[in-house]
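Asks: Input structure: entry.pdb, which contains PDB, C-alpha atoms.
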```pdb
ATOM      1  CA  MET A  12     -41.410 276.251 123.118
ATOM      2  CA  ARG A  13     -44.033 273.558 122.563
ATOM      3  CA  ARG A  14     -45.360 274.058 126.104
ATOM      4  CA  ARG A  15     -45.584 277.788 125.525
ATOM      5  CA  LEU A  16     -47.358 277.317 122.192
ATOM      6  CA  ALA A  17     -49.723 274.792 123.763
ATOM      7  CA  ALA A  18     -50.562 277.235 126.536
ATOM      8  CA  PHE A  19     -51.116 279.979 123.991
ATOM      9  CA  ALA A  20     -53.345 277.660 121.957
ATOM     10  CA  SER A  21     -55.438 277.012 125.069
ATOM     11  CA  VAL A  22     -55.974 280.729 125.520
ATOM     12  CA  ILE A  23     -57.020 281.028 121.891
ATOM     13  CA  VAL A  24     -59.501 278.181 122.204
ATOM     14  CA  LEU A  25     -61.103 279.831 125.206
ATOM     15  CA  THR A  26     -61.288 283.302 123.727
ATOM     16  CA  ALA A  27     -61.818 282.737 119.989
ATOM     17  CA  PRO A  28     -63.045 279.223 119.217
ATOM     18  CA  CYS A  29     -62.447 279.299 115.475
ATOM     19  CA  VAL A  30     -58.747 280.146 115.784
ATOM     20  CA  ALA A  31     -56.082 277.535 116.471
ATOM     21  CA  LEU A  32     -52.490 276.816 115.708
ATOM     22  CA  ALA A  33     -51.995 274.352 112.891
ATOM     23  CA  TRP A  34     -49.216 271.753 112.948
ATOM     24  CA  GLY A  35     -46.815 272.704 115.724
ATOM     25  CA  SER A  36     -43.281 273.823 115.033
ATOM     26  CA  THR A  37     -42.190 270.252 114.327
ATOM     27  CA  GLY A  38     -44.879 269.596 111.732
ATOM     28  CA  HIS A  39     -44.460 272.859 109.862
ATOM     29  CA  ARG A  40     -40.689 272.479 109.858
ATOM     30  CA  ILE A  41     -40.965 268.937 108.488
ATOM     31  CA  ILE A  42     -43.284 270.023 105.660
ATOM     32  CA  GLY A  43     -41.037 272.887 104.559
ATOM     33  CA  GLU A  44     -37.787 270.960 104.723
ATOM     34  CA  THR A  45     -39.210 267.818 103.115
ATOM     35  CA  ALA A  46     -40.693 269.708 100.173
ATOM     36  CA  MET A  47     -37.454 271.537  99.473
ATOM     37  CA  ARG A  48     -35.405 268.348  99.618
ATOM     38  CA  ALA A  49     -37.783 266.847  97.073
ATOM     39  CA  ALA A  50     -37.334 269.772  94.656
ATOM     40  CA  PRO A  51     -36.723 268.648  91.063
ATOM     41  CA  ALA A  52     -33.661 269.692  89.075
ATOM     42  CA  GLU A  53     -35.638 272.189  86.989
ATOM     43  CA  LEU A  54     -35.821 274.601  89.926
ATOM     44  CA  PRO A  55     -32.995 277.139  90.418
ATOM     45  CA  GLY A  56     -29.929 275.822  92.186
ATOM     46  CA  PHE A  57     -30.220 278.194  95.152
ATOM     47  CA  LEU A  58     -33.433 276.373  96.122
ATOM     48  CA  ARG A  59     -31.808 272.933  96.069
ATOM     49  CA  THR A  60     -29.199 273.475  98.768
ATOM     50  CA  PRO A  61     -29.282 272.053 102.302
ATOM     51  CA  GLN A  62     -29.393 275.593 103.686
ATOM     52  CA  ALA A  63     -32.440 276.493 101.580
ATOM     53  CA  ALA A  64     -34.338 273.538 103.045
ATOM     54  CA  ILE A  65     -33.416 274.596 106.576
ATOM     55  CA  ASP A  66     -34.378 278.212 105.895
ATOM     56  CA  VAL A  67     -37.777 277.307 104.462
ATOM     57  CA  GLY A  68     -38.418 274.995 107.399
ATOM     58  CA  GLU A  69     -37.825 277.885 109.796
ATOM     59  CA  TYR A  70     -39.678 280.489 107.729
ATOM     60  CA  SER A  71     -42.658 278.133 107.531
ATOM     61  CA  ARG A  72     -43.288 278.712 111.229
ATOM     62  CA  GLU A  73     -43.448 282.507 111.001
ATOM     63  CA  PRO A  74     -47.228 282.906 110.513
ATOM     64  CA  ASP A  75     -47.693 281.201 113.899
ATOM     65  CA  ARG A  76     -44.746 282.867 115.601
ATOM     66  CA  SER A  77     -46.170 286.304 114.828
ATOM     67  CA  LYS A  78     -49.424 285.601 116.674
ATOM     68  CA  ALA A  79     -50.336 287.945 119.526
ATOM     69  CA  ALA A  80     -48.574 290.879 117.859
ATOM     70  CA  GLY A  81     -51.674 293.031 118.411
ATOM     71  CA  LYS A  82     -55.401 293.248 117.803
ATOM     72  CA  VAL A  83     -55.219 294.601 114.267
ATOM     73  CA  HIS A  84     -52.524 292.112 113.244
ATOM     74  CA  ASP A  85     -54.268 289.092 114.747
ATOM     75  CA  ASN A  86     -57.773 290.007 113.628
ATOM     76  CA  GLU A  87     -56.589 290.221 110.046
ATOM     77  CA  ARG A  88     -54.331 287.155 110.042
ATOM     78  CA  ASP A  89     -55.775 284.524 112.373
ATOM     79  CA  PRO A  90     -58.635 283.483 110.020
ATOM     80  CA  ALA A  91     -56.055 282.952 107.268
ATOM     81  CA  HIS A  92     -55.114 279.580 108.805
ATOM     82  CA  PHE A  93     -58.391 277.670 108.469
ATOM     83  CA  VAL A  94     -61.676 277.235 106.651
ATOM     84  CA  ASP A  95     -64.712 275.758 108.408
ATOM     85  CA  LEU A  96     -66.075 273.221 105.959
ATOM     86  CA  GLY A  97     -69.375 271.696 107.069
ATOM     87  CA  ASP A  98     -70.683 268.160 106.724
ATOM     88  CA  ASP A  99     -72.817 269.376 103.811
ATOM     89  CA  GLY A 100     -69.679 270.358 101.877
ATOM     90  CA  ARG A 101     -70.409 274.053 102.318
ATOM     91  CA  ILE A 102     -68.678 276.747 104.296
ATOM     92  CA  PHE A 103     -71.239 277.715 106.945
ATOM     93  CA  HIS A 104     -74.057 276.762 104.514
ATOM     94  CA  GLY A 105     -72.662 279.268 102.026
ATOM     95  CA  PRO A 106     -70.181 278.675  99.182
ATOM     96  CA  THR A 107     -68.467 275.374  98.469
ATOM     97  CA  LEU A 108     -64.749 274.994  97.907
ATOM     98  CA  ALA A 109     -65.455 274.145  94.270
ATOM     99  CA  ASN A 110     -67.395 277.385  93.779
ATOM    100  CA  LEU A 111     -65.458 279.904  95.815
ATOM    101  CA  PRO A 112     -65.909 283.548  94.788
ATOM    102  CA  PRO A 113     -62.887 285.006  92.980
ATOM    103  CA  THR A 114     -61.792 287.382  95.778
ATOM    104  CA  ARG A 115     -61.938 287.424  99.560
ATOM    105  CA  GLU A 116     -64.225 290.459  99.412
ATOM    106  CA  ASP A 117     -66.695 288.485  97.282
ATOM    107  CA  TYR A 118     -66.286 285.507  99.627
ATOM    108  CA  ASP A 119     -67.166 287.629 102.640
ATOM    109  CA  SER A 120     -70.212 289.002 100.808
ATOM    110  CA  ALA A 121     -71.388 285.471  99.996
ATOM    111  CA  LEU A 122     -71.072 284.446 103.642
ATOM    112  CA  ARG A 123     -72.839 287.547 104.897
ATOM    113  CA  ALA A 124     -75.709 286.666 102.596
ATOM    114  CA  VAL A 125     -76.267 283.560 104.781
ATOM    115  CA  GLY A 126     -75.732 285.390 108.078
ATOM    116  CA  GLN A 127     -72.025 284.577 108.506
ATOM    117  CA  ASP A 128     -68.728 286.257 107.661
ATOM    118  CA  SER A 129     -65.241 285.248 106.563
ATOM    119  CA  TRP A 130     -63.681 286.099 109.914
ATOM    120  CA  LYS A 131     -65.753 283.315 111.483
ATOM    121  CA  ALA A 132     -65.455 280.896 108.557
ATOM    122  CA  GLY A 133     -61.772 281.414 107.806
ATOM    123  CA  TRP A 134     -60.149 282.077 104.452
ATOM    124  CA  LEU A 135     -57.390 279.493 104.111
ATOM    125  CA  PRO A 136     -57.978 278.944 100.341
ATOM    126  CA  TYR A 137     -57.226 282.606  99.674
ATOM    127  CA  SER A 138     -54.110 282.470 101.851
ATOM    128  CA  ILE A 139     -52.682 279.679  99.711
ATOM    129  CA  VAL A 140     -53.584 281.336  96.404
ATOM    130  CA  ASP A 141     -52.222 284.711  97.528
ATOM    131  CA  ARG A 142     -48.837 283.305  98.565
ATOM    132  CA  TRP A 143     -48.605 281.195  95.394
ATOM    133  CA  GLU A 144     -49.294 284.205  93.184
ATOM    134  CA  GLN A 145     -46.604 286.160  95.030
ATOM    135  CA  LEU A 146     -44.142 283.313  94.537
ATOM    136  CA  ALA A 147     -44.826 283.150  90.802
ATOM    137  CA  LYS A 148     -44.192 286.887  90.548
ATOM    138  CA  ASP A 149     -40.960 286.645  92.538
ATOM    139  CA  PHE A 150     -39.746 283.816  90.323
ATOM    140  CA  ALA A 151     -40.422 286.071  87.339
ATOM    141  CA  TYR A 152     -38.206 288.772  88.839
ATOM    142  CA  TRP A 153     -35.462 286.205  89.495
ATOM    143  CA  ARG A 154     -35.579 284.971  85.889
ATOM    144  CA  VAL A 155     -35.294 288.518  84.575
ATOM    145  CA  LEU A 156     -32.478 289.498  86.936
ATOM    146  CA  THR A 157     -30.521 286.355  86.118
ATOM    147  CA  ALA A 158     -30.837 286.953  82.378
ATOM    148  CA  ALA A 159     -30.028 290.653  82.682
ATOM    149  CA  GLU A 160     -26.928 290.010  84.786
ATOM    150  CA  ALA A 161     -25.601 287.615  82.153
ATOM    151  CA  ASN A 162     -26.388 289.769  79.109
ATOM    152  CA  PRO A 163     -23.333 291.791  77.945
ATOM    153  CA  GLN A 164     -25.640 294.390  76.376
ATOM    154  CA  TRP A 165     -26.661 295.504  79.861
ATOM    155  CA  ARG A 166     -23.337 295.252  81.671
ATOM    156  CA  ALA A 167     -23.543 298.885  82.820
ATOM    157  CA  HIS A 168     -26.077 297.775  85.427
ATOM    158  CA  ARG A 169     -24.695 294.285  86.071
ATOM    159  CA  ALA A 170     -23.739 295.016  89.689
ATOM    160  CA  TRP A 171     -27.248 296.223  90.470
ATOM    161  CA  PHE A 172     -28.825 293.194  88.764
ATOM    162  CA  ALA A 173     -26.591 290.861  90.798
ATOM    163  CA  ALA A 174     -27.373 292.590  94.097
ATOM    164  CA  ASP A 175     -31.098 292.653  93.404
ATOM    165  CA  LYS A 176     -31.028 288.966  92.484
ATOM    166  CA  ARG A 177     -29.505 288.182  95.883
ATOM    167  CA  ARG A 178     -32.277 290.142  97.553
ATOM    168  CA  ARG A 179     -34.885 288.353  95.453
ATOM    169  CA  GLU A 180     -33.502 284.954  96.386
ATOM    170  CA  GLN A 181     -33.939 285.709 100.059
ATOM    171  CA  GLN A 182     -37.453 287.003  99.394
ATOM    172  CA  ILE A 183     -38.299 283.805  97.521
ATOM    173  CA  LEU A 184     -37.224 281.671 100.477
ATOM    174  CA  ILE A 185     -39.416 283.744 102.790
ATOM    175  CA  ASP A 186     -42.354 283.511 100.390
ATOM    176  CA  ILE A 187     -41.969 279.746 100.062
ATOM    177  CA  GLY A 188     -41.905 279.549 103.849
ATOM    178  CA  GLU A 189     -45.196 281.433 104.090
ATOM    179  CA  LEU A 190     -46.725 279.298 101.346
ATOM    180  CA  SER A 191     -45.441 276.230 103.193
ATOM    181  CA  HIS A 192     -47.239 277.300 106.332
ATOM    182  CA  PHE A 193     -50.650 277.683 104.739
ATOM    183  CA  VAL A 194     -50.289 274.587 102.557
ATOM    184  CA  GLY A 195     -49.339 272.772 105.748
ATOM    185  CA  ASP A 196     -52.421 274.119 107.503
ATOM    186  CA  GLY A 197     -54.403 272.732 104.597
ATOM    187  CA  SER A 198     -53.136 269.202 105.188
ATOM    188  CA  GLN A 199     -54.409 269.149 108.789
ATOM    189  CA  PRO A 200     -58.040 267.932 108.684
ATOM    190  CA  LEU A 201     -59.066 269.933 111.746
ATOM    191  CA  HIS A 202     -58.189 273.131 109.845
ATOM    192  CA  VAL A 203     -60.656 272.264 107.107
ATOM    193  CA  SER A 204     -63.675 271.366 109.213
ATOM    194  CA  VAL A 205     -66.292 272.868 111.497
ATOM    195  CA  HIS A 206     -65.279 270.071 113.881
ATOM    196  CA  TYR A 207     -61.973 271.804 114.541
ATOM    197  CA  ASN A 208     -61.479 270.916 118.207
ATOM    198  CA  GLY A 209     -63.990 268.282 119.290
ATOM    199  CA  TRP A 210     -67.097 267.396 117.306
ATOM    200  CA  GLY A 211     -69.047 270.345 118.657
ATOM    201  CA  ASP A 212     -72.730 271.168 118.718
ATOM    202  CA  PHE A 213     -73.675 269.192 115.615
ATOM    203  CA  PRO A 214     -75.562 265.933 114.995
ATOM    204  CA  ASN A 215     -73.236 263.218 116.239
ATOM    205  CA  PRO A 216     -74.717 259.788 115.469
ATOM    206  CA  GLN A 217     -71.308 258.081 115.712
ATOM    207  CA  GLY A 218     -70.619 259.501 119.143
ATOM    208  CA  PHE A 219     -67.374 261.253 118.305
ATOM    209  CA  THR A 220     -65.483 263.012 121.077
ATOM    210  CA  ASN A 221     -65.981 266.572 122.188
ATOM    211  CA  ALA A 222     -62.558 266.603 123.816
ATOM    212  CA  LYS A 223     -60.035 269.221 122.699
ATOM    213  CA  ILE A 224     -58.065 266.969 120.368
ATOM    214  CA  HIS A 225     -56.673 269.651 118.064
ATOM    215  CA  GLY A 226     -53.493 270.634 119.894
ATOM    216  CA  PRO A 227     -52.534 267.170 121.172
ATOM    217  CA  PHE A 228     -52.877 265.666 117.684
ATOM    218  CA  GLU A 229     -50.919 268.231 115.693
ATOM    219  CA  GLY A 230     -48.428 269.146 118.392
ATOM    220  CA  ASP A 231     -47.358 266.557 120.945
ATOM    221  CA  LEU A 232     -48.220 263.506 118.848
ATOM    222  CA  VAL A 233     -46.188 264.793 115.903
ATOM    223  CA  ALA A 234     -43.245 265.990 117.982
ATOM    224  CA  GLN A 235     -43.015 262.748 119.934
ATOM    225  CA  SER A 236     -43.913 260.133 117.338
ATOM    226  CA  VAL A 237     -43.432 261.318 113.743
ATOM    227  CA  ARG A 238     -40.058 260.928 112.064
ATOM    228  CA  PRO A 239     -38.990 263.246 109.209
ATOM    229  CA  ALA A 240     -37.545 260.306 107.279
ATOM    230  CA  ALA A 241     -40.928 258.565 107.342
ATOM    231  CA  VAL A 242     -42.599 261.691 105.957
ATOM    232  CA  ALA A 243     -39.945 262.013 103.243
ATOM    233  CA  SER A 244     -40.427 258.396 102.192
ATOM    234  CA  ALA A 245     -44.169 258.988 101.775
ATOM    235  CA  VAL A 246     -43.843 262.025  99.478
ATOM    236  CA  ALA A 247     -45.730 261.455  96.236
ATOM    237  CA  PRO A 248     -44.276 261.805  92.726
ATOM    238  CA  LEU A 249     -44.491 265.262  91.182
ATOM    239  CA  ARG A 250     -48.051 266.016  90.056
ATOM    240  CA  LEU A 251     -48.864 269.067  87.950
ATOM    241  CA  CYS A 252     -52.574 269.450  87.368
ATOM    242  CA  GLY A 253     -52.476 271.866  84.433
ATOM    243  CA  CYS A 254     -55.356 273.736  86.045
ATOM    244  CA  ALA A 255     -55.917 277.118  87.670
ATOM    245  CA  ILE A 256     -54.416 277.577  91.122
ATOM    246  CA  ASP A 257     -57.921 278.212  92.506
ATOM    247  CA  LYS A 258     -59.083 274.777  91.386
ATOM    248  CA  ARG A 259     -55.971 272.982  92.559
ATOM    249  CA  THR A 260     -56.281 274.614  95.984
ATOM    250  CA  ALA A 261     -59.982 273.797  96.263
ATOM    251  CA  ASP A 262     -59.379 270.148  95.348
ATOM    252  CA  TYR A 263     -56.524 269.894  97.841
ATOM    253  CA  LEU A 264     -58.527 271.330 100.725
ATOM    254  CA  ALA A 265     -61.601 269.265  99.884
ATOM    255  CA  ALA A 266     -59.506 266.091 100.054
ATOM    256  CA  THR A 267     -58.176 267.118 103.463
ATOM    257  CA  GLY A 268     -61.661 267.949 104.696
ATOM    258  CA  ARG A 269     -62.757 264.410 103.893
ATOM    259  CA  GLN A 270     -60.222 263.164 106.440
ATOM    260  CA  ALA A 271     -61.930 264.838 109.406
ATOM    261  CA  ILE A 272     -64.340 261.955 110.043
ATOM    262  CA  PRO A 273     -61.616 259.288 109.699
ATOM    263  CA  LEU A 274     -59.548 261.255 112.224
ATOM    264  CA  TYR A 275     -62.421 261.314 114.721
ATOM    265  CA  ALA A 276     -63.061 257.629 114.094
ATOM    266  CA  LEU A 277     -59.381 256.968 114.765
ATOM    267  CA  GLU A 278     -59.580 258.866 118.039
ATOM    268  CA  LYS A 279     -62.685 256.912 119.063
ATOM    269  CA  ALA A 280     -60.848 253.649 118.362
ATOM    270  CA  GLY A 281     -57.933 254.716 120.573
ATOM    271  CA  GLY A 282     -55.577 255.456 117.703
ATOM    272  CA  LEU A 283     -54.436 258.789 119.166
ATOM    273  CA  ASN A 284     -53.464 257.255 122.500
ATOM    274  CA  PRO A 285     -49.764 257.288 123.405
ATOM    275  CA  GLY A 286     -47.983 254.289 121.963
ATOM    276  CA  ASP A 287     -50.630 253.450 119.374
ATOM    277  CA  PRO A 288     -48.979 253.451 115.923
ATOM    278  CA  ARG A 289     -52.125 254.456 114.053
ATOM    279  CA  GLY A 290     -52.042 258.102 115.140
ATOM    280  CA  PRO A 291     -48.440 258.720 114.039
ATOM    281  CA  ALA A 292     -49.153 256.893 110.768
ATOM    282  CA  PHE A 293     -52.146 259.162 110.081
ATOM    283  CA  ALA A 294     -50.129 262.297 110.902
ATOM    284  CA  THR A 295     -47.184 261.105 108.805
ATOM    285  CA  ARG A 296     -49.443 260.613 105.811
ATOM    286  CA  GLN A 297     -50.999 264.065 106.136
ATOM    287  CA  LEU A 298     -47.630 265.749 106.577
ATOM    288  CA  ALA A 299     -46.369 263.967 103.457
ATOM    289  CA  ILE A 300     -49.439 265.141 101.558
ATOM    290  CA  GLY A 301     -48.661 268.708 102.639
ATOM    291  CA  ALA A 302     -45.002 268.414 101.621
ATOM    292  CA  SER A 303     -45.960 266.904  98.255
ATOM    293  CA  GLU A 304     -48.450 269.677  97.563
ATOM    294  CA  LEU A 305     -45.949 272.364  98.525
ATOM    295  CA  ARG A 306     -43.263 270.897  96.236
ATOM    296  CA  ASP A 307     -45.791 270.712  93.386
ATOM    297  CA  LEU A 308     -46.984 274.289  93.904
ATOM    298  CA  ILE A 309     -43.414 275.588  93.873
ATOM    299  CA  VAL A 310     -42.869 273.905  90.505
ATOM    300  CA  GLU A 311     -46.200 275.233  89.202
ATOM    301  CA  ALA A 312     -45.196 278.763  90.257
ATOM    302  CA  TRP A 313     -41.776 278.390  88.605
ATOM    303  CA  ARG A 314     -43.306 277.362  85.293
ATOM    304  CA  THR A 315     -46.001 280.033  85.469
ATOM    305  CA  SER A 316     -43.366 282.725  86.036
ATOM    306  CA  LEU A 317     -42.333 282.503  82.380
ATOM    307  CA  LYS A 318     -45.648 284.090  81.454
ATOM    308  CA  GLU A 319     -45.406 286.984  83.930
ATOM    309  CA  THR A 320     -44.452 290.612  83.525
ATOM    310  CA  VAL A 321     -42.251 292.532  85.951
ATOM    311  CA  GLY A 322     -41.676 296.109  87.018
ATOM    312  CA  TYR A 323     -43.184 299.381  85.831
ATOM    313  CA  LYS A 324     -43.734 299.999  83.086
ATOM    314  CA  PRO A 325     -44.125 296.259  82.816
ATOM    315  CA  VAL A 326     -41.799 294.175  80.669
ATOM    316  CA  ALA A 327     -42.514 290.574  79.715
ATOM    317  CA  VAL A 328     -40.209 287.920  81.135
ATOM    318  CA  GLY A 329     -39.931 286.312  77.703
ATOM    319  CA  ASP A 330     -38.758 289.563  76.105
ATOM    320  CA  VAL A 331     -35.952 289.949  78.641
ATOM    321  CA  LEU A 332     -34.872 286.331  78.296
ATOM    322  CA  ALA A 333     -34.760 286.822  74.514
ATOM    323  CA  GLY A 334     -32.643 289.974  74.880
ATOM    324  CA  LYS A 335     -35.353 292.173  73.382
ATOM    325  CA  ALA A 336     -35.950 294.453  76.379
ATOM    326  CA  ASP A 337     -33.505 295.948  78.893
ATOM    327  CA  PRO A 338     -35.371 295.512  82.197
ATOM    328  CA  TYR A 339     -33.357 298.041  84.192
ATOM    329  CA  PRO A 340     -35.762 301.015  83.865
ATOM    330  CA  ALA A 341     -38.736 298.869  84.851
ATOM    331  CA  LEU A 342     -36.902 297.180  87.718
ATOM    332  CA  TYR A 343     -34.958 300.081  89.194
ATOM    333  CA  GLY A 344     -37.927 302.381  88.771
ATOM    334  CA  THR A 345     -38.329 305.561  86.783
ATOM    335  CA  ASP A 346     -41.254 306.681  88.913
TER     336      ASP A 346
END
```
Please rewrite the model in this file as structure tokens.

Replies:
Amino acid sequence: MRRRLAAFASVIVLTAPCVALAWGSTGHRIIGETAMRAAPAELPGFLRTPQAAIDVGEYSREPDRSKAAGKVHDNERDPAHFVDLGDDGRIFHGPTLANLPPTREDYDSALRAVGQDSWKAGWLPYSIVDRWEQLAKDFAYWRVLTAAEANPQWRAHRAWFAADKRRREQQILIDIGELSHFVGDGSQPLHVSVHYNGWGDFPNPQGFTNAKIHGPFEGDLVAQSVRPAAVASAVAPLRLCGCAIDKRTADYLAATGRQAIPLYALEKAGGLNPGDPRGPAFATRQLAIGASELRDLIVEAWRTSLKETVGYKPVAVGDVLAGKADPYPALYGTD
């Protein structure tokens, strides 16, 4: 599978230079599984099982596994995996991560104003925010279904609540897997840099390589030299920023972008050569950063879900939890 993905990545590099696979299957699987195993007790029990960790690890690979489904599919999804941050801190001399427009449409307009577009620049920040917002909404549905199933006032629809909760739990695992993928992309410095696969046609006073280092670093090096236990041991303590998801995402990606030059310096010093421990150590640290961020974002989404509404006509999560509103009409749908 790795050889096939590597060959596919080579085709991508030749035909569409801004598109590349992020961490290979091994890296994405490690991030998803590690984050789930680090889940705190406040999260629902169905997320803290060994099977949930395995499922998220596998689902985290789906955004790469679906590549080459067709022109429309790929054209819309491939730029979701990266953002080309320049040495000036701007995205193609346009917006900065700290001042991203509120929507992808506005982002594309801002880039077109400087002669670029979001398909070339990538829209990874919006991928992360979109999947996080979906997760928060799905958690809200799970809270409501759990409360409704347990409330004797609404026992007439208890079987439906229970069945829909099972469906929602599977959807949550899929959504966390997708979020895991894009958060994982955001921990790979070459996905947050214009220097995504060799330094490129830019001023290069330090003489960094123009070799195609992207695939070998995130794929073979990780698969052959990084150990999941080492990543797990490097996971940071839970950190909730108390800020908007847009800001948290921007800060996260900016920190990763600052690691592009150290990665090139490491390559120049021979640290990515087989047998050199510095390359695996660098990759282990970045994978742990991705797993830590994913775990934190899951907790942030869980807490935010208390403030959500669900269904149509919308009912507030808090009202259902307090027994004030039967959610069945809004959930089942009265059209």

Asks: Which distance in Å separates CA of Leu305 (chain A) and CA of Gly38 (chain A), to one decimal?

Replies: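 Between CA of Leu305 (chain A) and CA of Gly38 (chain A) the gap works out to 13.5 Å.
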
Asks: Just checking: using all atoms listed in the file, which residue out of A:Glu311, A:Asp196, A:Asp212, A:Glu116 ends up closest to Leu249 (chain A)?

Replies: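 Closest residue, counting all atoms listed in the file: A:Glu311.
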
Asks: Closest to Gln62 (chain A) among A:Leu308, A:Leu184, A:Val140, A:Leu317, using all atoms listed in the file?

Replies: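 Smallest distance to Gln62 (chain A) is found for A:Leu184.
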
Asks: Which residue, A:Val83, A:Ala243, A:Ile183, A:Ile256, has the smallest gap to Pro113 (chain A) when you use all atoms listed in the file?

Replies: A:Ile256

Asks: Fewer than 5 positions away in the same chain doesn't count, so skip those; otherwise give me all residues within 9 Å of region 166-171 of chain A, counting all atoms listed in the file, as a list in words.

Replies: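 The filter keeps Ala159, Glu160, Ala161, Lys176, Tyr339 and Tyr343 of chain A.
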
Asks: May I have the selected residues written with C-alpha atoms, as a PDB file, keeping the file's coordinate frame?

Replies:
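What ended up in out_20.pdb:
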```
ATOM      1  CA  ALA A 159     -30.028 290.653  82.682  1.00  0.00           C
ATOM      2  CA  GLU A 160     -26.928 290.010  84.786  1.00  0.00           C
ATOM      3  CA  ALA A 161     -25.601 287.615  82.153  1.00  0.00           C
ATOM      4  CA  LYS A 176     -31.028 288.966  92.484  1.00  0.00           C
ATOM      5  CA  TYR A 339     -33.357 298.041  84.192  1.00  0.00           C
ATOM      6  CA  TYR A 343     -34.958 300.081  89.194  1.00  0.00           C
TER       7      TYR A 343
END
```

Asks: Let me know the residues the PyMOL selection byres ((chain A and resi 251) around 12) catches in the file above, as a PDB file with C-alpha atoms, in the coordinates of the input.

Replies:
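Below is the file that was written, expr-v5.pdb:
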```pdb
ATOM      1  CA  ALA A 247     -45.730 261.455  96.236  1.00  0.00           C
ATOM      2  CA  PRO A 248     -44.276 261.805  92.726  1.00  0.00           C
ATOM      3  CA  LEU A 249     -44.491 265.262  91.182  1.00  0.00           C
ATOM      4  CA  ARG A 250     -48.051 266.016  90.056  1.00  0.00           C
ATOM      5  CA  CYS A 252     -52.574 269.450  87.368  1.00  0.00           C
ATOM      6  CA  GLY A 253     -52.476 271.866  84.433  1.00  0.00           C
ATOM      7  CA  CYS A 254     -55.356 273.736  86.045  1.00  0.00           C
ATOM      8  CA  ALA A 255     -55.917 277.118  87.670  1.00  0.00           C
ATOM      9  CA  ILE A 256     -54.416 277.577  91.122  1.00  0.00           C
ATOM     10  CA  ARG A 259     -55.971 272.982  92.559  1.00  0.00           C
ATOM     11  CA  SER A 303     -45.960 266.904  98.255  1.00  0.00           C
ATOM     12  CA  GLU A 304     -48.450 269.677  97.563  1.00  0.00           C
ATOM     13  CA  LEU A 305     -45.949 272.364  98.525  1.00  0.00           C
ATOM     14  CA  ARG A 306     -43.263 270.897  96.236  1.00  0.00           C
ATOM     15  CA  ASP A 307     -45.791 270.712  93.386  1.00  0.00           C
ATOM     16  CA  LEU A 308     -46.984 274.289  93.904  1.00  0.00           C
ATOM     17  CA  ILE A 309     -43.414 275.588  93.873  1.00  0.00           C
ATOM     18  CA  VAL A 310     -42.869 273.905  90.505  1.00  0.00           C
ATOM     19  CA  GLU A 311     -46.200 275.233  89.202  1.00  0.00           C
ATOM     20  CA  ALA A 312     -45.196 278.763  90.257  1.00  0.00           C
ATOM     21  CA  TRP A 313     -41.776 278.390  88.605  1.00  0.00           C
ATOM     22  CA  ARG A 314     -43.306 277.362  85.293  1.00  0.00           C
ATOM     23  CA  THR A 315     -46.001 280.033  85.469  1.00  0.00           C
TER      24      THR A 315
END
```

Asks: Once the PyMOL selection byres ((chain A and resi 147) around 7) has been evaluated on this model, what residues remain selected, and can you format them as a PDB file with C-alpha atoms, keeping the file's coordinate frame?

Replies:
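Writing done, so here's expr-v1.pdb:
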```pdb
ATOM      1  CA  TRP A 143     -48.605 281.195  95.394  1.00  0.00           C
ATOM      2  CA  GLU A 144     -49.294 284.205  93.184  1.00  0.00           C
ATOM      3  CA  GLN A 145     -46.604 286.160  95.030  1.00  0.00           C
ATOM      4  CA  LEU A 146     -44.142 283.313  94.537  1.00  0.00           C
ATOM      5  CA  LYS A 148     -44.192 286.887  90.548  1.00  0.00           C
ATOM      6  CA  ASP A 149     -40.960 286.645  92.538  1.00  0.00           C
ATOM      7  CA  PHE A 150     -39.746 283.816  90.323  1.00  0.00           C
ATOM      8  CA  ALA A 151     -40.422 286.071  87.339  1.00  0.00           C
ATOM      9  CA  ALA A 312     -45.196 278.763  90.257  1.00  0.00           C
ATOM     10  CA  TRP A 313     -41.776 278.390  88.605  1.00  0.00           C
ATOM     11  CA  THR A 315     -46.001 280.033  85.469  1.00  0.00           C
ATOM     12  CA  SER A 316     -43.366 282.725  86.036  1.00  0.00           C
TER      13      SER A 316
END
```

Asks: Would you compute the distance between CA of Asp186 (chain A) and CA of Asp141 (chain A)? Give it in Å to one decimal.

Replies: 10.3 Å

Asks: Could you tell me how far CA of Arg48 (chain A) lies from CA of Thr60 (chain A), in Å and to one decimal?

Replies: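 Distance between the two atoms: 8.1 Å.
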
Asks: Could you give me the axis-aligned bounding box of region 96-112 of chain A, with 3 Å of padding per side, as centre plus edge lengths in Å to one decimal, as JSON?

Replies:
```
{"center_x": -69.4, "center_y": 275.9, "center_z": 100.4, "size_x": 15.3, "size_y": 21.4, "size_z": 19.3}
```

Asks: I need the residue set behind the PyMOL selection byres ((chain A and resi 95) around 12) for this file; please write it as a PyMOL selection string.

Replies: chain A and resi 28-31+90-94+96-108+122+127-136+197+200-208+264-265+267-268+271
